[in-house]
Amino acid sequence: MTLASLADLRALIAVLPPPDAGAATAAASRQDNLVKPAGSLGRLEEIAVHLARWQGRERPTMDKARTIIFAGSHGMTRHGVSAFPDEVNAQMLAGFGAGFAAICQLTTAFGAELAVVDCGIANPTEDFTVAPAMAAAAFLAAVDRGMTAVNGDEDLLVFGEMGIGNTTAAAAIAMALFGGEPRDWVGPGTGVDDAGIARKADVIDRARATHGTALDDPLQVLARVGGARSRRSSGPALPPDATASPFCWTVSS
């Protein structure tokens with residue numbers, strides 16, 4: 001489907017299938033009846049129940065796992081929030097294609113498919129300290145493209161994203177959604193020093209002042225202080241057929 005407005009997106013979110021509590025309960029019960037001490041597999045048991053909850057079946061499968069990496073460029077990197085220049089984005093994109101990146105080896109080791117989506121490496125988003133990172137139309141187009149990146153028959157989806165400045169965007173999103181101050185959310189990222197961390201916090205503080213109460217709306221948060229790759233990595237959580245069976249998904253920031 002094509003999203004024409006934020007109202008369309010809100011309506012789609014409203015009809016997303018919920019997790020299957022019955023499947024999760026059945027999966028947990030099955031764990032207790034296997035020939036092993038109760039809870040002896042630790043986190044593996046929790047993961048199996050989590051997969052059952054989102055796949056809607058007592059015995060989840062991993063026959064078709066798929067990783068999707070969304071790559072993009074951020075306009076606010078001009079403020080020195082990263083230890084590396086924006087040129088690294090294109091280099092990393094080439095590395096994905098050549099199979100050199102760590103995620104390439106991980107997906108191969110676990111028999112998963114890898115897809116890489118260029119969300120506009122050559123066309124950075126706007127500097128969110130002075131304007132929304134993306135206008136409404138561009139935001140909706142990014143979510144649309146994220147939805148079409150999903151085939152719909154995956155047992156497991158793993159979402160990742162790449163882009164210089166991404167930890168600053170992630171920190172801005174987290175602050176807007178969960179509160180606190182910019183300094184609470186920023187870190188060294190690619191390895192910036194204390195001065196770099198201070199710049200990251202300042203950039204987010206300036207964004208907060210620019211966007212004000214618009215950041216009270218989660219969708220506006222994504223549009224205003226996220227990036228094309230963060231918006232497209234939210235899109236796969238919204239399959240084109242919102243009534244389809246739920247699938248497990250993980251987002252990496």
# chains A, B, ... in the order shown; residues from 1 in each chain; ligands from 1
$ select_by_dssp --residues "segment 37-248 of chain A" --states "helix (DSSP H, G or I)" --output "PyMOL selection string"
chain A and resi 43-55+75-79+87-98+102-109+136-148+166-178+182-185+194-216+218-225+228-237
$ residues_around --residues "segment 187-194 of chain A" --least-positions-apart "2" --cutoff "7 Å" --atoms "only C-alpha atoms" --output "ChimeraX atom specification"
/A:82-83,167,185,196-198
$ write_last_selection --atoms "C-alpha atoms" --output "tab-separated table (two decimals), in the first residue's frame"
chain	number	residue	atom	x	y	z
A	82	SER	CA	31.13	11.46	14.80
A	83	ALA	CA	34.78	10.49	14.72
A	167	THR	CA	23.90	7.15	17.52
A	185	TRP	CA	21.39	9.36	26.23
A	196	GLY	CA	32.52	15.08	20.98
A	197	ILE	CA	29.99	13.73	23.48
A	198	ALA	CA	29.27	17.32	24.54
$ residues_around --residues "Asn123 of chain A" --least-positions-apart "2" --cutoff "10 Å" --atoms "only C-alpha atoms" --output "list in words"
Gly72, Ser73, His74, Gly75, Cys119, Gly120, Ile121, Thr125, Glu126 and Ala228 of chain A
$ closest_residue --among "A:Val221, A:Ala26, A:Ala90, A:Ala14" --to "Pro124 of chain A" --atoms "only C-alpha atoms"
A:Ala90
$ residues_around --residues "Ala131 of chain A" --least-positions-apart "3" --cutoff "12 Å" --atoms "only C-alpha atoms" --output "ChimeraX atom specification"
/A:75-76,125-128,134-135,206-212,214,223-226
$ select_by_dssp --residues "segment 63-143 of chain A" --states "strand (DSSP E or B)" --output "list in words"
Ala65, Arg66, Thr67, Ile68, Ile69, Phe70, Ala71, Glu113, Leu114, Ala115, Val116, Val117 and Asp118 of chain A
$ write_last_selection --atoms "N, CA and C atoms" --output "tab-separated table (two decimals), in the first residue's frame"
chain	number	residue	atom	x	y	z
A	65	ALA	N	15.18	-17.08	7.99
A	65	ALA	CA	15.59	-15.88	8.72
A	65	ALA	C	16.15	-14.87	7.73
A	66	ARG	N	15.85	-13.60	7.96
A	66	ARG	CA	16.28	-12.57	7.02
A	66	ARG	C	16.72	-11.33	7.79
A	67	THR	N	17.87	-10.79	7.40
A	67	THR	CA	18.38	-9.55	7.98
A	67	THR	C	18.29	-8.46	6.93
A	68	ILE	N	17.75	-7.31	7.33
A	68	ILE	CA	17.66	-6.17	6.42
A	68	ILE	C	18.41	-5.00	7.05
A	69	ILE	N	19.40	-4.48	6.33
A	69	ILE	CA	20.18	-3.34	6.78
A	69	ILE	C	19.76	-2.11	5.98
A	70	PHE	N	19.40	-1.03	6.67
A	70	PHE	CA	19.04	0.22	6.03
A	70	PHE	C	20.18	1.22	6.23
A	71	ALA	N	20.66	1.79	5.14
A	71	ALA	CA	21.81	2.69	5.21
A	71	ALA	C	21.42	4.09	4.74
A	113	GLU	N	19.32	-14.88	5.19
A	113	GLU	CA	19.44	-14.04	4.00
A	113	GLU	C	19.78	-12.62	4.44
A	114	LEU	N	20.58	-11.91	3.65
A	114	LEU	CA	20.93	-10.52	3.95
A	114	LEU	C	20.49	-9.61	2.81
A	115	ALA	N	19.78	-8.55	3.16
A	115	ALA	CA	19.39	-7.53	2.18
A	115	ALA	C	19.86	-6.18	2.70
A	116	VAL	N	20.40	-5.36	1.83
A	116	VAL	CA	20.87	-4.02	2.20
A	116	VAL	C	20.12	-3.00	1.37
A	117	VAL	N	19.51	-2.03	2.04
A	117	VAL	CA	18.71	-1.01	1.36
A	117	VAL	C	19.40	0.35	1.49
A	118	ASP	N	19.71	0.97	0.35
A	118	ASP	CA	20.28	2.31	0.34
A	118	ASP	C	19.15	3.31	0.51
$ closest_residue --among "A:Ser5, A:Asp205, A:Thr168, A:Glu87" --to "Gly180 of chain A" --atoms "only C-alpha atoms"
A:Asp205
$ residues_around --residues "Pro85 of chain A" --least-positions-apart "5" --cutoff "9 Å" --atoms "only C-alpha atoms" --output "ChimeraX atom specification"
/A:77,80,164
$ closest_residue --among "A:Gly22, A:Pro218, A:Gly56, A:Pro132" --to "Ala174 of chain A" --atoms "only C-alpha atoms"
A:Pro218
$ closest_residue --among "A:Ala101, A:Val203, A:Leu219, A:Val143" --to "Arg10 of chain A" --atoms "only C-alpha atoms"
A:Leu219
$ closest_residue --among "A:Phe100, A:Ser29, A:Met147, A:Ala38" --to "Leu12 of chain A" --atoms "only C-alpha atoms"
A:Met147
$ closest_residue --among "A:Ala11, A:Lys64, A:Leu16, A:Ala172" --to "Asn151 of chain A" --atoms "only C-alpha atoms"
A:Lys64
$ atom_distance --atom1 "atom CA of Ala169 of chain A" --atom2 "atom CA of Leu222 of chain A"
9.3 Å
$ decode --residues "segment 60-210 of chain A" --atoms "C-alpha atoms" --output "PDB file, in the first residue's frame"
ATOM      1  CA  PRO A  60       8.393 -21.674  16.417  1.00  0.00           C
ATOM      2  CA  THR A  61      10.598 -22.257  13.390  1.00  0.00           C
ATOM      3  CA  MET A  62      13.736 -20.616  12.044  1.00  0.00           C
ATOM      4  CA  ASP A  63      13.626 -22.028   8.526  1.00  0.00           C
ATOM      5  CA  LYS A  64      13.652 -18.603   6.923  1.00  0.00           C
ATOM      6  CA  ALA A  65      15.587 -15.880   8.721  1.00  0.00           C
ATOM      7  CA  ARG A  66      16.278 -12.568   7.020  1.00  0.00           C
ATOM      8  CA  THR A  67      18.377  -9.552   7.982  1.00  0.00           C
ATOM      9  CA  ILE A  68      17.657  -6.166   6.418  1.00  0.00           C
ATOM     10  CA  ILE A  69      20.183  -3.336   6.783  1.00  0.00           C
ATOM     11  CA  PHE A  70      19.038   0.224   6.034  1.00  0.00           C
ATOM     12  CA  ALA A  71      21.811   2.689   5.206  1.00  0.00           C
ATOM     13  CA  GLY A  72      21.498   6.463   5.109  1.00  0.00           C
ATOM     14  CA  SER A  73      23.192   9.818   5.737  1.00  0.00           C
ATOM     15  CA  HIS A  74      22.359  12.426   8.387  1.00  0.00           C
ATOM     16  CA  GLY A  75      22.413  16.184   7.870  1.00  0.00           C
ATOM     17  CA  MET A  76      23.377  16.957  11.469  1.00  0.00           C
ATOM     18  CA  THR A  77      26.793  15.316  11.094  1.00  0.00           C
ATOM     19  CA  ARG A  78      28.090  18.730  10.019  1.00  0.00           C
ATOM     20  CA  HIS A  79      28.257  19.540  13.728  1.00  0.00           C
ATOM     21  CA  GLY A  80      31.045  17.062  14.421  1.00  0.00           C
ATOM     22  CA  VAL A  81      29.054  14.352  16.198  1.00  0.00           C
ATOM     23  CA  SER A  82      31.128  11.463  14.797  1.00  0.00           C
ATOM     24  CA  ALA A  83      34.781  10.493  14.716  1.00  0.00           C
ATOM     25  CA  PHE A  84      34.395   9.613  11.022  1.00  0.00           C
ATOM     26  CA  PRO A  85      33.325  11.600   7.940  1.00  0.00           C
ATOM     27  CA  ASP A  86      30.179  10.972   5.915  1.00  0.00           C
ATOM     28  CA  GLU A  87      32.275   9.368   3.166  1.00  0.00           C
ATOM     29  CA  VAL A  88      32.370   6.231   5.329  1.00  0.00           C
ATOM     30  CA  ASN A  89      28.689   5.636   4.526  1.00  0.00           C
ATOM     31  CA  ALA A  90      29.423   4.855   0.882  1.00  0.00           C
ATOM     32  CA  GLN A  91      32.435   2.754   1.878  1.00  0.00           C
ATOM     33  CA  MET A  92      30.333   0.685   4.261  1.00  0.00           C
ATOM     34  CA  LEU A  93      27.613   0.244   1.655  1.00  0.00           C
ATOM     35  CA  ALA A  94      30.236  -1.111  -0.741  1.00  0.00           C
ATOM     36  CA  GLY A  95      31.536  -3.363   2.034  1.00  0.00           C
ATOM     37  CA  PHE A  96      28.093  -4.872   2.536  1.00  0.00           C
ATOM     38  CA  GLY A  97      27.850  -5.613  -1.157  1.00  0.00           C
ATOM     39  CA  ALA A  98      31.294  -7.218  -1.226  1.00  0.00           C
ATOM     40  CA  GLY A  99      30.584  -9.348   1.845  1.00  0.00           C
ATOM     41  CA  PHE A 100      33.274  -7.692   3.992  1.00  0.00           C
ATOM     42  CA  ALA A 101      31.091  -6.418   6.844  1.00  0.00           C
ATOM     43  CA  ALA A 102      30.688  -8.414  10.060  1.00  0.00           C
ATOM     44  CA  ILE A 103      26.941  -8.765   9.477  1.00  0.00           C
ATOM     45  CA  CYS A 104      27.687 -10.531   6.190  1.00  0.00           C
ATOM     46  CA  GLN A 105      29.648 -13.196   8.024  1.00  0.00           C
ATOM     47  CA  LEU A 106      27.060 -13.534  10.787  1.00  0.00           C
ATOM     48  CA  THR A 107      24.173 -14.046   8.382  1.00  0.00           C
ATOM     49  CA  THR A 108      26.183 -16.600   6.428  1.00  0.00           C
ATOM     50  CA  ALA A 109      27.104 -18.483   9.606  1.00  0.00           C
ATOM     51  CA  PHE A 110      23.467 -18.725  10.658  1.00  0.00           C
ATOM     52  CA  GLY A 111      22.040 -19.416   7.219  1.00  0.00           C
ATOM     53  CA  ALA A 112      20.110 -16.143   7.065  1.00  0.00           C
ATOM     54  CA  GLU A 113      19.442 -14.040   4.002  1.00  0.00           C
ATOM     55  CA  LEU A 114      20.931 -10.518   3.950  1.00  0.00           C
ATOM     56  CA  ALA A 115      19.389  -7.535   2.177  1.00  0.00           C
ATOM     57  CA  VAL A 116      20.873  -4.024   2.198  1.00  0.00           C
ATOM     58  CA  VAL A 117      18.712  -1.012   1.358  1.00  0.00           C
ATOM     59  CA  ASP A 118      20.284   2.311   0.339  1.00  0.00           C
ATOM     60  CA  CYS A 119      18.028   4.911   1.966  1.00  0.00           C
ATOM     61  CA  GLY A 120      19.783   7.825   0.299  1.00  0.00           C
ATOM     62  CA  ILE A 121      23.489   7.699   1.088  1.00  0.00           C
ATOM     63  CA  ALA A 122      24.068  10.442  -1.489  1.00  0.00           C
ATOM     64  CA  ASN A 123      21.157  12.562  -0.220  1.00  0.00           C
ATOM     65  CA  PRO A 124      21.472  13.304   3.508  1.00  0.00           C
ATOM     66  CA  THR A 125      18.458  14.229   5.581  1.00  0.00           C
ATOM     67  CA  GLU A 126      18.139  17.838   6.729  1.00  0.00           C
ATOM     68  CA  ASP A 127      20.066  19.146   9.739  1.00  0.00           C
ATOM     69  CA  PHE A 128      17.518  18.489  12.482  1.00  0.00           C
ATOM     70  CA  THR A 129      18.863  21.284  14.675  1.00  0.00           C
ATOM     71  CA  VAL A 130      17.162  23.790  12.345  1.00  0.00           C
ATOM     72  CA  ALA A 131      14.458  21.823  10.459  1.00  0.00           C
ATOM     73  CA  PRO A 132      12.698  18.460  10.399  1.00  0.00           C
ATOM     74  CA  ALA A 133      15.080  15.763   9.202  1.00  0.00           C
ATOM     75  CA  MET A 134      12.444  14.807   6.615  1.00  0.00           C
ATOM     76  CA  ALA A 135       9.228  16.452   5.466  1.00  0.00           C
ATOM     77  CA  ALA A 136       5.987  14.494   5.838  1.00  0.00           C
ATOM     78  CA  ALA A 137       5.950  13.202   2.250  1.00  0.00           C
ATOM     79  CA  ALA A 138       9.540  11.973   2.443  1.00  0.00           C
ATOM     80  CA  PHE A 139       8.871  10.372   5.825  1.00  0.00           C
ATOM     81  CA  LEU A 140       5.872   8.438   4.502  1.00  0.00           C
ATOM     82  CA  ALA A 141       7.820   7.366   1.410  1.00  0.00           C
ATOM     83  CA  ALA A 142      10.564   6.016   3.671  1.00  0.00           C
ATOM     84  CA  VAL A 143       8.085   3.999   5.738  1.00  0.00           C
ATOM     85  CA  ASP A 144       6.494   2.713   2.523  1.00  0.00           C
ATOM     86  CA  ARG A 145       9.845   1.502   1.272  1.00  0.00           C
ATOM     87  CA  GLY A 146      10.535  -0.169   4.597  1.00  0.00           C
ATOM     88  CA  MET A 147       7.274  -2.102   4.333  1.00  0.00           C
ATOM     89  CA  THR A 148       8.075  -3.311   0.831  1.00  0.00           C
ATOM     90  CA  ALA A 149      11.467  -4.581   2.010  1.00  0.00           C
ATOM     91  CA  VAL A 150       9.662  -7.411   3.827  1.00  0.00           C
ATOM     92  CA  ASN A 151       8.605 -10.455   1.818  1.00  0.00           C
ATOM     93  CA  GLY A 152       6.030 -11.547   4.392  1.00  0.00           C
ATOM     94  CA  ASP A 153       7.040 -15.203   4.659  1.00  0.00           C
ATOM     95  CA  GLU A 154       9.967 -14.772   7.066  1.00  0.00           C
ATOM     96  CA  ASP A 155      10.123 -16.704  10.339  1.00  0.00           C
ATOM     97  CA  LEU A 156      12.516 -14.170  11.808  1.00  0.00           C
ATOM     98  CA  LEU A 157      13.408 -10.644  10.757  1.00  0.00           C
ATOM     99  CA  VAL A 158      16.475  -8.861  12.067  1.00  0.00           C
ATOM    100  CA  PHE A 159      16.635  -5.150  11.282  1.00  0.00           C
ATOM    101  CA  GLY A 160      19.804  -3.124  11.337  1.00  0.00           C
ATOM    102  CA  GLU A 161      20.874   0.310  10.210  1.00  0.00           C
ATOM    103  CA  MET A 162      24.080   2.058   9.263  1.00  0.00           C
ATOM    104  CA  GLY A 163      24.951   5.709   8.898  1.00  0.00           C
ATOM    105  CA  ILE A 164      27.489   8.127  10.351  1.00  0.00           C
ATOM    106  CA  GLY A 165      25.633  10.089  13.042  1.00  0.00           C
ATOM    107  CA  ASN A 166      23.224   7.267  13.778  1.00  0.00           C
ATOM    108  CA  THR A 167      23.897   7.152  17.522  1.00  0.00           C
ATOM    109  CA  THR A 168      23.087  10.858  17.773  1.00  0.00           C
ATOM    110  CA  ALA A 169      19.787  10.306  15.956  1.00  0.00           C
ATOM    111  CA  ALA A 170      19.062   7.274  18.158  1.00  0.00           C
ATOM    112  CA  ALA A 171      19.786   9.300  21.295  1.00  0.00           C
ATOM    113  CA  ALA A 172      17.506  12.105  20.102  1.00  0.00           C
ATOM    114  CA  ILE A 173      14.696   9.616  19.452  1.00  0.00           C
ATOM    115  CA  ALA A 174      15.194   7.960  22.850  1.00  0.00           C
ATOM    116  CA  MET A 175      15.167  11.278  24.699  1.00  0.00           C
ATOM    117  CA  ALA A 176      11.999  12.402  22.916  1.00  0.00           C
ATOM    118  CA  LEU A 177      10.213   9.101  23.607  1.00  0.00           C
ATOM    119  CA  PHE A 178      11.413   8.353  27.128  1.00  0.00           C
ATOM    120  CA  GLY A 179      12.405  11.722  28.614  1.00  0.00           C
ATOM    121  CA  GLY A 180      15.508  12.847  30.399  1.00  0.00           C
ATOM    122  CA  GLU A 181      18.213  15.143  29.146  1.00  0.00           C
ATOM    123  CA  PRO A 182      20.420  14.796  26.040  1.00  0.00           C
ATOM    124  CA  ARG A 183      23.439  14.009  28.191  1.00  0.00           C
ATOM    125  CA  ASP A 184      21.564  11.018  29.646  1.00  0.00           C
ATOM    126  CA  TRP A 185      21.390   9.361  26.235  1.00  0.00           C
ATOM    127  CA  VAL A 186      24.565  10.237  24.339  1.00  0.00           C
ATOM    128  CA  GLY A 187      27.757   8.208  24.400  1.00  0.00           C
ATOM    129  CA  PRO A 188      31.068   7.908  22.521  1.00  0.00           C
ATOM    130  CA  GLY A 189      29.471   6.151  19.535  1.00  0.00           C
ATOM    131  CA  THR A 190      32.252   5.736  16.994  1.00  0.00           C
ATOM    132  CA  GLY A 191      34.802   6.760  19.617  1.00  0.00           C
ATOM    133  CA  VAL A 192      34.451  10.509  20.099  1.00  0.00           C
ATOM    134  CA  ASP A 193      36.092  12.121  23.122  1.00  0.00           C
ATOM    135  CA  ASP A 194      34.405  14.104  25.892  1.00  0.00           C
ATOM    136  CA  ALA A 195      34.212  17.164  23.654  1.00  0.00           C
ATOM    137  CA  GLY A 196      32.515  15.076  20.981  1.00  0.00           C
ATOM    138  CA  ILE A 197      29.991  13.735  23.484  1.00  0.00           C
ATOM    139  CA  ALA A 198      29.269  17.320  24.544  1.00  0.00           C
ATOM    140  CA  ARG A 199      28.684  18.267  20.890  1.00  0.00           C
ATOM    141  CA  LYS A 200      26.240  15.380  20.503  1.00  0.00           C
ATOM    142  CA  ALA A 201      24.310  16.497  23.576  1.00  0.00           C
ATOM    143  CA  ASP A 202      24.270  20.089  22.327  1.00  0.00           C
ATOM    144  CA  VAL A 203      22.971  19.026  18.911  1.00  0.00           C
ATOM    145  CA  ILE A 204      20.097  17.133  20.518  1.00  0.00           C
ATOM    146  CA  ASP A 205      19.323  20.020  22.879  1.00  0.00           C
ATOM    147  CA  ARG A 206      19.135  22.378  19.899  1.00  0.00           C
ATOM    148  CA  ALA A 207      16.830  19.951  18.112  1.00  0.00           C
ATOM    149  CA  ARG A 208      14.558  19.830  21.147  1.00  0.00           C
ATOM    150  CA  ALA A 209      14.343  23.624  21.161  1.00  0.00           C
ATOM    151  CA  THR A 210      13.627  23.720  17.420  1.00  0.00           C
TER     152      THR A 210
END
